[in-house]
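**Q** Next up is a structure, given as C-alpha cells.
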Amino acid sequence: MGSPSEAGRLTVALIVNGTEHPLLIEPRRTLLDALRDDLALTGTKKVCDMGDCGACTVLLDGRAVYSCLLLAVDCTGRRVTTIEGLGGEQLDPVQEAFIRVDAFQCGFCTPGQVMSLRALLDETAAPSDAEILRAVTGNLCRCGAYANILRAGRLAAEIQAATGRDHDAAISRR
Amino acid sequence: MPRFHVDRLRTGDGAEDEYQVIETGGLPPWGADAALSVVGRPLPRVEGPEKVTGRARYAYDVRLPGQLYARVLRSPLPHARIRALSTSRAEALSGVCAAISSVDAPAIEWYDGSALFDRTVRFAGDEVAAVAAESEEIAGDALELIEVEYEPLRFVLTLEDALRPGAPKVRETGNVAGEPKVYRRGDAETALRRADVIIDEVYATQTALHNCLEPHGCTAAWDGDRLILWDSTQSVFDVREEVAAKLRLPEHRVRVIKQHMGGGFGSKQVAWKHTVIAALLARRAGRPVQLMLDREAENLAAGNRNATRQHVQLGATRDGTLTAITARVEQAAGAYMVGGEGSNTSAIFQTLYRCPNVHTEQVTVYTNTGPAVAFRAPGHVEGAFALESALDELAHALGMDPLELRRRNYAGEDQRRARPYTSPDSLRLCYERVADAFGWHQRRKASTAGPRRRGFGVAAHDWGGAGYPPGYAWVKLNADGTAEVVTGTQDIGTGTRTGLTQVAAEELGLPVERVVLHLGDTGTGVYAPVSSGSATQATIGPAVRAAAAEAKRHLLDAAATMLEAAPGDLRVGEGTISVVGAPARTISVADVTRRIAPHMIQGHGARGPNPSGKSVRTFGAQCVEVEVDVETGDVQVLRVVASHDCGRIVNPALVDSQVFGAVTQGVGFALMEERVLDTRSGIVLNANLEEYKVPTAADVPAIVHARLDHPDLEANPTGAKGIGEPPLVPTAPAIANAVFDAVGVRLRDAPLSRRRLLEALAAARGDRRTSSPDGRDSPSSSVRGMADRA
C-alpha cells in the first residue's frame with residue numbers, strides 16, 4: 001500500500017483546447033484517461049475503451065479521432081480539441097443544432113457525435129446526407145437518435161453558413 | 001391540500017396489519033380540447049445545453065479530491081466453488097488502497113440466498129473480489145495479482161439443457177425459479193380441437209444485451225457516518241433503501257444522487273452489488289471510490305433480456321375469429337433472480353386479442369449465465385414476437401389481410417381483469433392511423449431486380465404505462481416570480497425533466513423558462529418510484545400538476561387582495577394575473593411574489609389513485625417494408641410507420657424521439673443483436689461493442705411517427721400515459737412478417753440472421769446441404785428452438 005512511485009512516469013505537455021497542461025503520467029495512459037482523470041475534462045466519454053463506439057471522439061490537429069486508442073504520450077505538442085473547447089459565448093452551430101432538433105436522449109454519446117460532425121463541417125461546409133451519416137457511423141447511439149442526428153448535421157451546416165460562425169475557431173483547431 | 005386517508009385493509013393474524021393509503025390532488029382532467037399553451041408544444045429538452053457541451057455530469061464523471069478507481073475480479077468459469085482466495089499480493093502493490101473478497105467481506109446476503117461475495121460462482125462474470133487503487137490501470141494490475149483456486153462444477157447454459165432430467169443444478173433448489181405461472185380463461189384445449197384452422201409452432205427469442213453507453217456503476221464517498229452515492233440508476237430511492245439495509249445504515253444517512261444517466265433501458269432499476277462494493281471499498285480506504293463496470297463486465301453481469309422458447313397454438317374459425325390461444329413459455333433467468341420489473345412473456349397472449357379460451361404457462365429457468373433483468377418492455381417484446389408472428393401465420397393460412405384479421409379480433413376490454421379500458425378505441429385508431437400513413441391498403445410490391453425481394457408486415461401491441469401512486473412533488477415560488485419544482489424522480493434520458501416542467505408551467509401559468517425542475521436526489525427530493533414501466537410521466541406528472549395547482553391557489557388568493565377581486569375571477573397565463581372581464585386589471589406573478597416576500601408560496605402534490613374498475617393501458621401498431629437479398633440473406637428495413645397511444649402528448653418532439661429510438665432498438669433485436677456463448681467453456685464470446693452488433697447510423701430505416709395524441713381523460717388529471725417502452729414491442733415481429741411476405745419462408749427464431757435466412761431459403765428449395773454446423777438438420781418448426789443457436 002502507499003503512493004504509486006513516480007518511477008516509470010513521463011512528463012507530457014498536452015495542448016488541450018488551446019491551453020498547455022504539463023502532466024506526469026504512465027506511458028500506458030490513454031489520451032481519454034488523461035483527459036478525464038488527470039484534467040477532469042469529463043465531457044469526453046468512456047464507453048467501450050477499445051475503439052468500437054466513438055463516445056471518446058476528440059479532434060487531434062483538427063481530425064476526429066478515438067481518444068481511447070491513443071496514448072497520451074504520443075499527443076505531446078499536438079492540438080487536442082474536446083467538447084469543452086467548442087463554442088464560447090455562443091454555442092457551436094453543431095451544439096445548437098443538436099438541441100433544436102432533439103438529436104439526443106440520454107446524451108452520453110452526444111459529445112462524440114458533436115465532435116465527429118464538427119470535424120466534418122471544418123472540412124466540408126455543405127455536406128451531403130451520405131457524408132453526414134458517414135461522419136457519425138463510428139459513433140454508436142443506443143437511444144437511437146440517428147434520424148435526428150442526421151437532421152442536426154444538416155441544420156448545423158445551415159447555421160454555420162448563415163452566421164459565418166466558427167471560421168476562425170476551425171483554423172485554431174488544426 | 002391533497003387528501004390523505006389511511007384504511008385498514010386486513011388485520012394480520014400474528015403478522016402485520018395491511019393498510020391502504022389514498023391520496024388525491026382532486027383536480028379535474030384537462031379536457032380533450034382544453035386550450036393548453038405549454039403542454040403539447042415540441043419544446044427542446046431543458047437540459048440540452050448541459051448535454052451538448054459536456055457539462056452534464058453523469059455518475060461516471062464525478063471527480064472528487066482523493067478519489068480512487070475500483071475494478072472487480074470476475075469468475076472466468078460458468079460454475080465453480082472457490083477453494084482458496086488471497087488478495088494479499090494485490091494489496092501489496094504500490095497504489096492499491098483497499099481490497100475486498102469473500103475472505104473478508106461482511107456477511108451480506110444478496111439475490112435469493114447467496115452472498116455479496118459468494119464462495120460459489122454461478123456464471124462467467126460473477127463477482128469474486130474487488131480492489132480500489134490510485135488509477136484504473138493500477139487497479140487492473142492488482143486484479144492480476146489476486147490468487148484464486150477454483151473447483152470447476154458442471155454447468156448448463158441453455159433453457160433446453162437446464163430442463164433436462166439430471167441436469168446440473170444452477171441453484172441448490174434446482175433449475176426452475178419459483179412456481180410456474182399458469183393462466184386459464186375458458187377451455188382452450190377443447191376450443192383448439194374444434195377449430196377450423198390451427199397454427200401450432202415454436203418461436204424463440206435470443207438473449208439481448210442492453211449495452212447502455214454509460215455502464216453501471218457509482219461513486220461512493222463517506223462523510224463521517226454518512227454515505228453519498230452518485231449512482232447510475234433508474235431509482236434513487238430503491239438504491240437508498242437497499243444500500244441502507246445491506247450496510248445496516250439508517251436511511252437518512254444514505255444519500256443517492258443521479259442527475260444524468262447514459263441509458264438504462266430497464267437494467268438500472270435495481271440496486272446492484274457494485275454499489276455496495278464501492279461503499280465498502282471507500283470505507284476501507286478512507287477515500288472516495290468510483291466503481292464503473294467496464295464494457296465486458298457490462299455485458300456479462302449487468303443484466304440482459306431473457307431468452308425465451310414459446311410453443312404457441314392458435315385456433316380460429318374459417319372467417320378468422322380466434323377461438324383459442326395457448327402459449328407454453330420457457331424463459332431464462334440466468335443464474336439469479338435480480339428483482340425489479342418482472343418479465344411476463346405470456347401476458348400479451350392474454351390481452352391483445354378478443355378470445356374466450358386462453359391458456360398460458362410460463363416457467364422461468366436458471367442457467368449458468370449472467371442474470372436477466374428488465375429490458376424495455378420486458379416479456380412483451382419476446383411475447384409479441386411469437387404472438388404477432390403466429391397471427392401473421394394464421395392470416396396467411398386463412399388467406400386474409402393480416403391487419404383485417406387483427407381488427408376482426410379486436411379486444412374492447414381488458415379480458416384478464418374483466419374490466420373496461422379507459423381508452424377502448426385507442427388500438428382501433430392506431431390501426432387507422434398507421435394504415436393511412438403507410439398506405440397499407442394501397443401497398444404494392446415494387447419490382448426489384450436480381451436477388452432482391454420486397455415485403456410488407458404489420459404487428460400490434462398493448463402495454464401498461466398507466467403510472468400509479470404514490471409519487472410526490474412540491475412547488476415553490478421565489479420572490480422574483482420564478483418557480484422551482486421539487487421531485488425525487490429520475491430523468492433516464494427520456495425527457496422527464498422537460499415533460500414535467502411543461503406540466504408545472506402549464507398549471508402555474510408561467511413561461512417555461514421561469515420554471516426549473518429538480519430530481520434525482522434522495523437528500524433533497526420527495527419520494528418517487530423507479531423510472532420504469534413507461535410510468536414516470538403518468539406517475540409524477542399528476543403530482544406535479546397537483547402541487548402547482550395548490551401553489552396557484554395561494555398565488556391567486558394573494559393577487560385577489562392586491563387586485564381587489566375575488567380569487568375565482570382571476571386567471572393566470574404567461575406570468576400575468578388578470579381579472580376575467582376586466583383586461584386592464586392585471587398584476588404580474590413577480591409583483592405578487594415580490595410584495596409578499598420573504599413569505600413564500602408553496603404547493604404540495606400527490607399522485608392520486610388510478611380509476612377503480614377500469615384498466616388503463618397503452619396500445620400501438622407498426623407497418624414495415626423490407627427488402628431481402630435471397631443470395632446474401634441480407635435484410636434491409638426500408639421504412640417503418642408507427643402509431644402509438646400514449647394519451648395526451650405532452651411534448652411531440654420528445655415522443656417522436658422515443659418512437660425513433662425504440663424502433664431502432666427493434667431493428668437491432670430483429671436482425672442483429674444476440675449474446676453468443678461458447679458451449680464448451682460457458683463464456684460469452686461477444687461481450688463488447690465490436691462483436692455484439694447494435695444498430696449504427698447506417699442501419700436505421702426511414703421512421704415515421706403517425707401521432708395519435710388521444711388524451712386519456714379517465715387515466716389521470718394530465719391525460720398522459722407512457723411511451724418509453726411500447727414502440728419497441730411490435731417492430732421485430734412486423735419485420736419478421738415482412739420478411740415472410742418478401743420471400744415466403746418463416747423465421748421463427750430471433751434474430752433473423754443471414755445464416756438462418758439462408759438456411760431457411762435453402763430448406764424451402766429442398767436443398768439437403770443445409771444441415772447446421774452442429775450436424776443437425778435445419779429444425780422443423782415443432783422442434784425449432786435453442787438447439788441450433790451457438
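Chains: A, B, ... in order of the C-alpha cells. Residues: from 1 per chain. Ligands: from 1, in order shown.
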Near B:Ala590, within 9 Å and counting only C-alpha atoms, which residues show up once chain neighbours fewer than 3 positions away are dropped, as a PyMOL selection string?
**A** chain B and resi 478-482+575-576+587+593-595
**Q** Export N, CA and C atoms of the chosen residues as a PDB file, in the first residue's frame?
**A**
```pdb
ATOM      1  N   ASN B 478     -40.393  31.626  -6.017  1.00  0.00           N
ATOM      2  CA  ASN B 478     -39.365  32.522  -5.494  1.00  0.00           C
ATOM      3  C   ASN B 478     -39.866  33.966  -5.500  1.00  0.00           C
ATOM      4  N   ALA B 479     -39.120  34.837  -4.830  1.00  0.00           N
ATOM      5  CA  ALA B 479     -39.535  36.234  -4.717  1.00  0.00           C
ATOM      6  C   ALA B 479     -39.631  36.919  -6.079  1.00  0.00           C
ATOM      7  N   ASP B 480     -38.845  36.463  -7.045  1.00  0.00           N
ATOM      8  CA  ASP B 480     -38.874  37.112  -8.371  1.00  0.00           C
ATOM      9  C   ASP B 480     -39.898  36.480  -9.311  1.00  0.00           C
ATOM     10  N   GLY B 481     -40.731  35.608  -8.772  1.00  0.00           N
ATOM     11  CA  GLY B 481     -41.781  35.034  -9.608  1.00  0.00           C
ATOM     12  C   GLY B 481     -41.352  33.834 -10.422  1.00  0.00           C
ATOM     13  N   THR B 482     -40.146  33.351 -10.210  1.00  0.00           N
ATOM     14  CA  THR B 482     -39.767  32.084 -10.827  1.00  0.00           C
ATOM     15  C   THR B 482     -40.227  30.945  -9.927  1.00  0.00           C
ATOM     16  N   GLY B 575     -47.362  34.414 -17.049  1.00  0.00           N
ATOM     17  CA  GLY B 575     -46.775  35.155 -15.931  1.00  0.00           C
ATOM     18  C   GLY B 575     -47.571  36.349 -15.482  1.00  0.00           C
ATOM     19  N   THR B 576     -48.785  36.502 -16.006  1.00  0.00           N
ATOM     20  CA  THR B 576     -49.604  37.663 -15.644  1.00  0.00           C
ATOM     21  C   THR B 576     -50.961  37.188 -15.123  1.00  0.00           C
ATOM     22  N   ILE B 587     -51.902  42.080 -12.765  1.00  0.00           N
ATOM     23  CA  ILE B 587     -50.690  42.180 -11.950  1.00  0.00           C
ATOM     24  C   ILE B 587     -49.803  41.013 -12.351  1.00  0.00           C
ATOM     25  N   THR B 593     -45.359  37.946  -5.897  1.00  0.00           N
ATOM     26  CA  THR B 593     -44.387  37.233  -5.055  1.00  0.00           C
ATOM     27  C   THR B 593     -43.411  38.209  -4.399  1.00  0.00           C
ATOM     28  N   ARG B 594     -43.069  39.308  -5.102  1.00  0.00           N
ATOM     29  CA  ARG B 594     -42.154  40.301  -4.528  1.00  0.00           C
ATOM     30  C   ARG B 594     -42.808  41.017  -3.347  1.00  0.00           C
ATOM     31  N   ARG B 595     -44.091  41.326  -3.505  1.00  0.00           N
ATOM     32  CA  ARG B 595     -44.762  42.078  -2.447  1.00  0.00           C
ATOM     33  C   ARG B 595     -44.950  41.255  -1.174  1.00  0.00           C
TER      34      ARG B 595
END
```
**Q** Compute the set of chain A residues within 7 Å of chain B, using only C-alpha atoms, and express it as a JSON list (two decimals) with N, CA and C atoms, in the first residue's frame.
**A**
```json
[["chain", "number", "residue", "atom", "x", "y", "z"],
["A", 1, "MET", "N", 0.85, -1.21, 0.00],
["A", 1, "MET", "CA", 0.00, 0.00, 0.00],
["A", 1, "MET", "C", 0.87, 1.24, 0.00],
["A", 2, "GLY", "N", 0.31, 2.31, -0.49],
["A", 2, "GLY", "CA", 1.03, 3.58, -0.47],
["A", 2, "GLY", "C", 0.89, 4.30, -1.77],
["A", 3, "SER", "N", 1.62, 5.40, -1.90],
["A", 3, "SER", "CA", 1.54, 6.18, -3.13],
["A", 3, "SER", "C", 2.29, 5.47, -4.23],
["A", 4, "PRO", "N", 1.77, 5.60, -5.44],
["A", 4, "PRO", "CA", 2.49, 4.97, -6.54],
["A", 4, "PRO", "C", 3.82, 5.68, -6.76],
["A", 40, "ALA", "N", -9.71, 16.22, -15.60],
["A", 40, "ALA", "CA", -11.12, 16.34, -15.21],
["A", 40, "ALA", "C", -11.98, 16.93, -16.33],
["A", 42, "THR", "N", -14.41, 15.78, -18.31],
["A", 42, "THR", "CA", -15.22, 14.56, -18.37],
["A", 42, "THR", "C", -16.30, 14.61, -19.45],
["A", 43, "GLY", "N", -16.31, 15.68, -20.25],
["A", 43, "GLY", "CA", -17.26, 15.72, -21.36],
["A", 43, "GLY", "C", -16.99, 14.62, -22.37],
["A", 47, "VAL", "N", -16.79, 4.57, -22.97],
["A", 47, "VAL", "CA", -17.87, 3.60, -23.14],
["A", 47, "VAL", "C", -17.31, 2.20, -23.38],
["A", 48, "CYS", "N", -16.52, 2.05, -24.44],
["A", 48, "CYS", "CA", -16.02, 0.71, -24.78],
["A", 48, "CYS", "C", -14.54, 0.58, -24.50],
["A", 52, "ASP", "N", -14.62, 0.93, -30.43],
["A", 52, "ASP", "CA", -15.81, 0.40, -31.09],
["A", 52, "ASP", "C", -16.97, 1.38, -31.17],
["A", 53, "CYS", "N", -16.97, 2.43, -30.35],
["A", 53, "CYS", "CA", -18.23, 3.15, -30.17],
["A", 53, "CYS", "C", -18.18, 4.65, -30.47],
["A", 83, "ILE", "N", -14.91, 18.44, -26.37],
["A", 83, "ILE", "CA", -16.24, 19.07, -26.39],
["A", 83, "ILE", "C", -16.23, 20.37, -25.58],
["A", 84, "GLU", "N", -15.41, 20.40, -24.52],
["A", 84, "GLU", "CA", -15.35, 21.61, -23.70],
["A", 84, "GLU", "C", -14.73, 22.77, -24.47],
["A", 95, "GLN", "N", -23.65, 22.14, -31.78],
["A", 95, "GLN", "CA", -24.31, 22.02, -30.48],
["A", 95, "GLN", "C", -25.72, 22.61, -30.54],
["A", 99, "ILE", "N", -29.54, 20.62, -30.05],
["A", 99, "ILE", "CA", -30.63, 20.98, -29.14],
["A", 99, "ILE", "C", -31.92, 21.22, -29.93],
["A", 100, "ARG", "N", -31.81, 21.93, -31.03],
["A", 100, "ARG", "CA", -33.03, 22.34, -31.74],
["A", 100, "ARG", "C", -33.79, 21.17, -32.35],
["A", 102, "ASP", "N", -33.54, 17.92, -31.27],
["A", 102, "ASP", "CA", -33.62, 16.80, -30.33],
["A", 102, "ASP", "C", -32.81, 15.60, -30.82],
["A", 105, "GLN", "N", -30.94, 11.69, -26.56],
["A", 105, "GLN", "CA", -31.84, 11.42, -25.43],
["A", 105, "GLN", "C", -31.00, 11.42, -24.16],
["A", 106, "CYS", "N", -30.31, 10.29, -23.89],
["A", 106, "CYS", "CA", -29.54, 10.27, -22.64],
["A", 106, "CYS", "C", -28.35, 11.21, -22.72],
["A", 107, "GLY", "N", -27.83, 11.45, -23.92],
["A", 107, "GLY", "CA", -26.77, 12.44, -24.08],
["A", 107, "GLY", "C", -25.36, 11.91, -23.92],
["A", 108, "PHE", "N", -25.22, 10.60, -23.64],
["A", 108, "PHE", "CA", -23.88, 10.09, -23.33],
["A", 108, "PHE", "C", -23.00, 10.00, -24.57],
["A", 110, "THR", "N", -23.43, 12.04, -27.08],
["A", 110, "THR", "CA", -23.56, 13.34, -27.76],
["A", 110, "THR", "C", -22.23, 14.06, -27.96],
["A", 111, "PRO", "N", -21.38, 14.16, -26.94],
["A", 111, "PRO", "CA", -20.11, 14.86, -27.19],
["A", 111, "PRO", "C", -19.33, 14.24, -28.36],
["A", 133, "LEU", "N", -23.93, 11.03, -42.56],
["A", 133, "LEU", "CA", -24.07, 9.69, -41.98],
["A", 133, "LEU", "C", -22.72, 9.00, -41.85],
["A", 136, "VAL", "N", -20.74, 9.99, -38.79],
["A", 136, "VAL", "CA", -21.17, 9.50, -37.47],
["A", 136, "VAL", "C", -21.41, 7.99, -37.42],
["A", 137, "THR", "N", -21.08, 7.26, -38.49],
["A", 137, "THR", "CA", -21.30, 5.81, -38.41],
["A", 137, "THR", "C", -20.39, 5.18, -37.37],
["A", 140, "LEU", "N", -21.77, 5.21, -31.93],
["A", 140, "LEU", "CA", -22.99, 4.49, -31.57],
["A", 140, "LEU", "C", -23.88, 5.36, -30.68],
["A", 142, "ARG", "N", -27.14, 4.37, -28.42],
["A", 142, "ARG", "CA", -28.02, 3.27, -28.03],
["A", 142, "ARG", "C", -29.47, 3.74, -27.89],
["A", 143, "CYS", "N", -29.66, 5.04, -27.64],
["A", 143, "CYS", "CA", -31.04, 5.56, -27.59],
["A", 143, "CYS", "C", -31.65, 5.62, -28.98],
["A", 144, "GLY", "N", -30.83, 5.51, -30.01],
["A", 144, "GLY", "CA", -31.36, 5.50, -31.37],
["A", 144, "GLY", "C", -31.81, 6.86, -31.88],
["A", 145, "ALA", "N", -30.98, 7.88, -31.67],
["A", 145, "ALA", "CA", -31.35, 9.24, -32.10],
["A", 145, "ALA", "C", -30.87, 9.54, -33.52],
["A", 146, "TYR", "N", -30.48, 8.50, -34.25],
["A", 146, "TYR", "CA", -29.80, 8.72, -35.54],
["A", 146, "TYR", "C", -30.59, 9.60, -36.50]]
```
**Q** Rounded to one decimal place, report the atom CA of B:Gly533-atom CA of B:Arg433 distance in Å.
**A** 24.7 Å
**Q** Residues near B:Pro726, anyone? I mean within 12 Å using only C-alpha atoms, not counting same-chain ones fewer than 4 positions away, as a PyMOL selection string.
**A** chain B and resi 375-381+384+460-466+532-535+617-622+642-646+655+658-663+665-666+721-722+730-731
**Q** Give me a file of those residues, with N, CA and C atoms, as a compact mmCIF listing (two decimals), in the first residue's frame.
**A**
```
# COMPACT_ATOMS: atom_id res chain seq x y z
N PHE B 375 -35.70 -5.39 -19.61
CA PHE B 375 -35.14 -4.67 -20.76
C PHE B 375 -36.34 -4.14 -21.54
N ARG B 376 -36.48 -2.86 -21.57
CA ARG B 376 -37.51 -2.12 -22.30
C ARG B 376 -38.68 -3.00 -22.75
N ALA B 377 -39.80 -2.91 -22.04
CA ALA B 377 -40.97 -3.77 -22.26
C ALA B 377 -40.62 -5.24 -22.06
N PRO B 378 -40.08 -5.57 -20.86
CA PRO B 378 -39.64 -6.95 -20.60
C PRO B 378 -40.79 -7.93 -20.77
N GLY B 379 -40.51 -9.05 -21.44
CA GLY B 379 -41.54 -10.06 -21.66
C GLY B 379 -42.41 -9.74 -22.86
N HIS B 380 -42.84 -8.50 -22.95
CA HIS B 380 -43.75 -8.14 -24.04
C HIS B 380 -43.06 -8.18 -25.40
N VAL B 381 -41.81 -7.74 -25.45
CA VAL B 381 -41.08 -7.79 -26.72
C VAL B 381 -40.96 -9.24 -27.17
N ALA B 384 -44.57 -10.73 -27.91
CA ALA B 384 -45.13 -10.17 -29.15
C ALA B 384 -44.47 -10.77 -30.37
N ALA B 460 -48.97 -5.51 -33.88
CA ALA B 460 -49.63 -4.64 -32.91
C ALA B 460 -49.14 -4.98 -31.51
N HIS B 461 -49.55 -4.20 -30.54
CA HIS B 461 -49.16 -4.49 -29.16
C HIS B 461 -50.09 -3.77 -28.19
N ASP B 462 -50.03 -4.21 -26.93
CA ASP B 462 -50.54 -3.41 -25.83
C ASP B 462 -49.46 -3.32 -24.78
N TRP B 463 -49.68 -2.55 -23.76
CA TRP B 463 -48.68 -2.39 -22.69
C TRP B 463 -49.34 -1.59 -21.57
N GLY B 464 -48.65 -1.53 -20.41
CA GLY B 464 -49.15 -0.70 -19.30
C GLY B 464 -48.89 0.76 -19.56
N GLY B 465 -48.07 1.36 -18.72
CA GLY B 465 -47.76 2.78 -18.94
C GLY B 465 -48.79 3.70 -18.33
N ALA B 466 -49.59 3.16 -17.38
CA ALA B 466 -50.63 3.99 -16.76
C ALA B 466 -50.08 4.91 -15.69
N SER B 532 -39.45 3.24 -14.53
CA SER B 532 -39.54 2.04 -15.36
C SER B 532 -41.00 1.88 -15.75
N GLY B 533 -41.25 0.90 -16.60
CA GLY B 533 -42.63 0.61 -16.97
C GLY B 533 -43.31 1.73 -17.73
N SER B 534 -42.54 2.61 -18.34
CA SER B 534 -43.11 3.75 -19.08
C SER B 534 -44.07 4.54 -18.20
N ALA B 535 -43.76 4.61 -16.91
CA ALA B 535 -44.73 5.13 -15.95
C ALA B 535 -44.43 6.54 -15.44
N ARG B 617 -54.47 1.31 -20.20
CA ARG B 617 -53.44 0.63 -20.98
C ARG B 617 -53.01 1.50 -22.16
N THR B 618 -51.87 1.15 -22.75
CA THR B 618 -51.42 1.80 -23.97
C THR B 618 -51.43 0.76 -25.10
N PHE B 619 -51.46 1.25 -26.32
CA PHE B 619 -51.60 0.37 -27.49
C PHE B 619 -50.80 0.94 -28.66
N GLY B 620 -50.60 0.12 -29.67
CA GLY B 620 -49.93 0.65 -30.86
C GLY B 620 -49.85 -0.37 -31.97
N ALA B 621 -49.44 0.10 -33.13
CA ALA B 621 -49.27 -0.77 -34.29
C ALA B 621 -48.21 -0.18 -35.20
N GLN B 622 -47.50 -1.05 -35.88
CA GLN B 622 -46.46 -0.60 -36.82
C GLN B 622 -46.56 -1.39 -38.11
N ALA B 642 -45.15 4.07 -37.46
CA ALA B 642 -45.56 3.67 -36.11
C ALA B 642 -46.66 4.59 -35.63
N SER B 643 -47.69 3.99 -35.03
CA SER B 643 -48.73 4.79 -34.39
C SER B 643 -48.97 4.20 -33.01
N HIS B 644 -48.88 5.05 -31.99
CA HIS B 644 -48.96 4.56 -30.62
C HIS B 644 -49.84 5.48 -29.78
N ASP B 645 -50.59 4.85 -28.91
CA ASP B 645 -51.44 5.60 -27.98
C ASP B 645 -50.67 5.84 -26.69
N CYS B 646 -50.37 7.10 -26.40
CA CYS B 646 -49.77 7.41 -25.10
C CYS B 646 -50.61 8.50 -24.43
N VAL B 655 -41.68 12.72 -27.79
CA VAL B 655 -42.37 11.46 -28.08
C VAL B 655 -41.88 10.89 -29.40
N GLN B 658 -38.69 9.13 -28.70
CA GLN B 658 -38.90 7.82 -28.08
C GLN B 658 -39.27 6.78 -29.14
N VAL B 659 -40.12 7.17 -30.07
CA VAL B 659 -40.55 6.23 -31.11
C VAL B 659 -39.37 5.88 -32.01
N PHE B 660 -38.62 6.89 -32.45
CA PHE B 660 -37.47 6.62 -33.32
C PHE B 660 -36.48 5.66 -32.63
N GLY B 661 -36.22 5.96 -31.36
CA GLY B 661 -35.24 5.16 -30.63
C GLY B 661 -35.70 3.74 -30.40
N ALA B 662 -36.97 3.58 -30.05
CA ALA B 662 -37.50 2.24 -29.79
C ALA B 662 -37.51 1.42 -31.08
N VAL B 663 -37.93 2.02 -32.18
CA VAL B 663 -37.95 1.30 -33.45
C VAL B 663 -36.52 0.89 -33.83
N GLN B 665 -34.05 0.25 -31.79
CA GLN B 665 -33.69 -0.92 -30.98
C GLN B 665 -34.42 -2.16 -31.47
N GLY B 666 -35.63 -1.97 -31.97
CA GLY B 666 -36.40 -3.10 -32.51
C GLY B 666 -35.74 -3.68 -33.74
N LYS B 721 -50.15 9.17 -20.85
CA LYS B 721 -49.69 7.83 -20.48
C LYS B 721 -48.28 7.63 -21.04
N GLY B 722 -47.72 6.45 -20.83
CA GLY B 722 -46.32 6.22 -21.17
C GLY B 722 -46.07 5.94 -22.64
N PRO B 730 -43.70 -3.95 -31.18
CA PRO B 730 -44.14 -4.60 -32.42
C PRO B 730 -43.11 -4.61 -33.55
N THR B 731 -41.96 -3.96 -33.38
CA THR B 731 -41.05 -3.78 -34.51
C THR B 731 -40.51 -5.12 -35.04
```
**Q** Do you know which residues are at most 10 Å from B:Ser531 counting only C-alpha atoms, after dropping those on the same chain fewer than 5 positions away, and could you put them as a PyMOL selection string?
**A** chain B and resi 233-236+264-266+268-269+489-492+494+496+536-537+539
**Q** Using Å and a single decimal, report how far atom CA of B:Thr207 sits from atom CA of B:Thr308.
**A** 8.1 Å
**Q** Please give the complete set of residues from stretch 13-114 of chain A that DSSP, run on the backbone, assigns to alpha helix (DSSP H), formatted as a list in words.
**A** Leu31, Leu32, Asp33, Pro93, Val94, Gln95, Glu96, Ala97, Phe98, Ile99, Arg100, Thr110, Pro111, Gly112, Gln113 and Val114 of chain A
**Q** Please produce a file of those selected residues containing C-alpha atoms, as a PDB file, in the first residue's frame.
**A**
```
ATOM      1  CA  LEU A  31      -5.432  10.228 -24.130  1.00  0.00           C
ATOM      2  CA  LEU A  32      -9.003   9.511 -22.979  1.00  0.00           C
ATOM      3  CA  ASP A  33      -7.959   8.731 -19.396  1.00  0.00           C
ATOM      4  CA  PRO A  93     -23.541  25.507 -34.594  1.00  0.00           C
ATOM      5  CA  VAL A  94     -23.414  21.725 -34.154  1.00  0.00           C
ATOM      6  CA  GLN A  95     -24.312  22.020 -30.477  1.00  0.00           C
ATOM      7  CA  GLU A  96     -27.135  24.430 -31.238  1.00  0.00           C
ATOM      8  CA  ALA A  97     -28.483  22.143 -33.950  1.00  0.00           C
ATOM      9  CA  PHE A  98     -28.447  19.125 -31.611  1.00  0.00           C
ATOM     10  CA  ILE A  99     -30.633  20.984 -29.137  1.00  0.00           C
ATOM     11  CA  ARG A 100     -33.029  22.337 -31.739  1.00  0.00           C
ATOM     12  CA  THR A 110     -23.559  13.337 -27.759  1.00  0.00           C
ATOM     13  CA  PRO A 111     -20.111  14.858 -27.194  1.00  0.00           C
ATOM     14  CA  GLY A 112     -18.620  12.255 -29.538  1.00  0.00           C
ATOM     15  CA  GLN A 113     -21.320  12.786 -32.153  1.00  0.00           C
ATOM     16  CA  VAL A 114     -20.832  16.552 -31.955  1.00  0.00           C
TER      17      VAL A 114
END
```
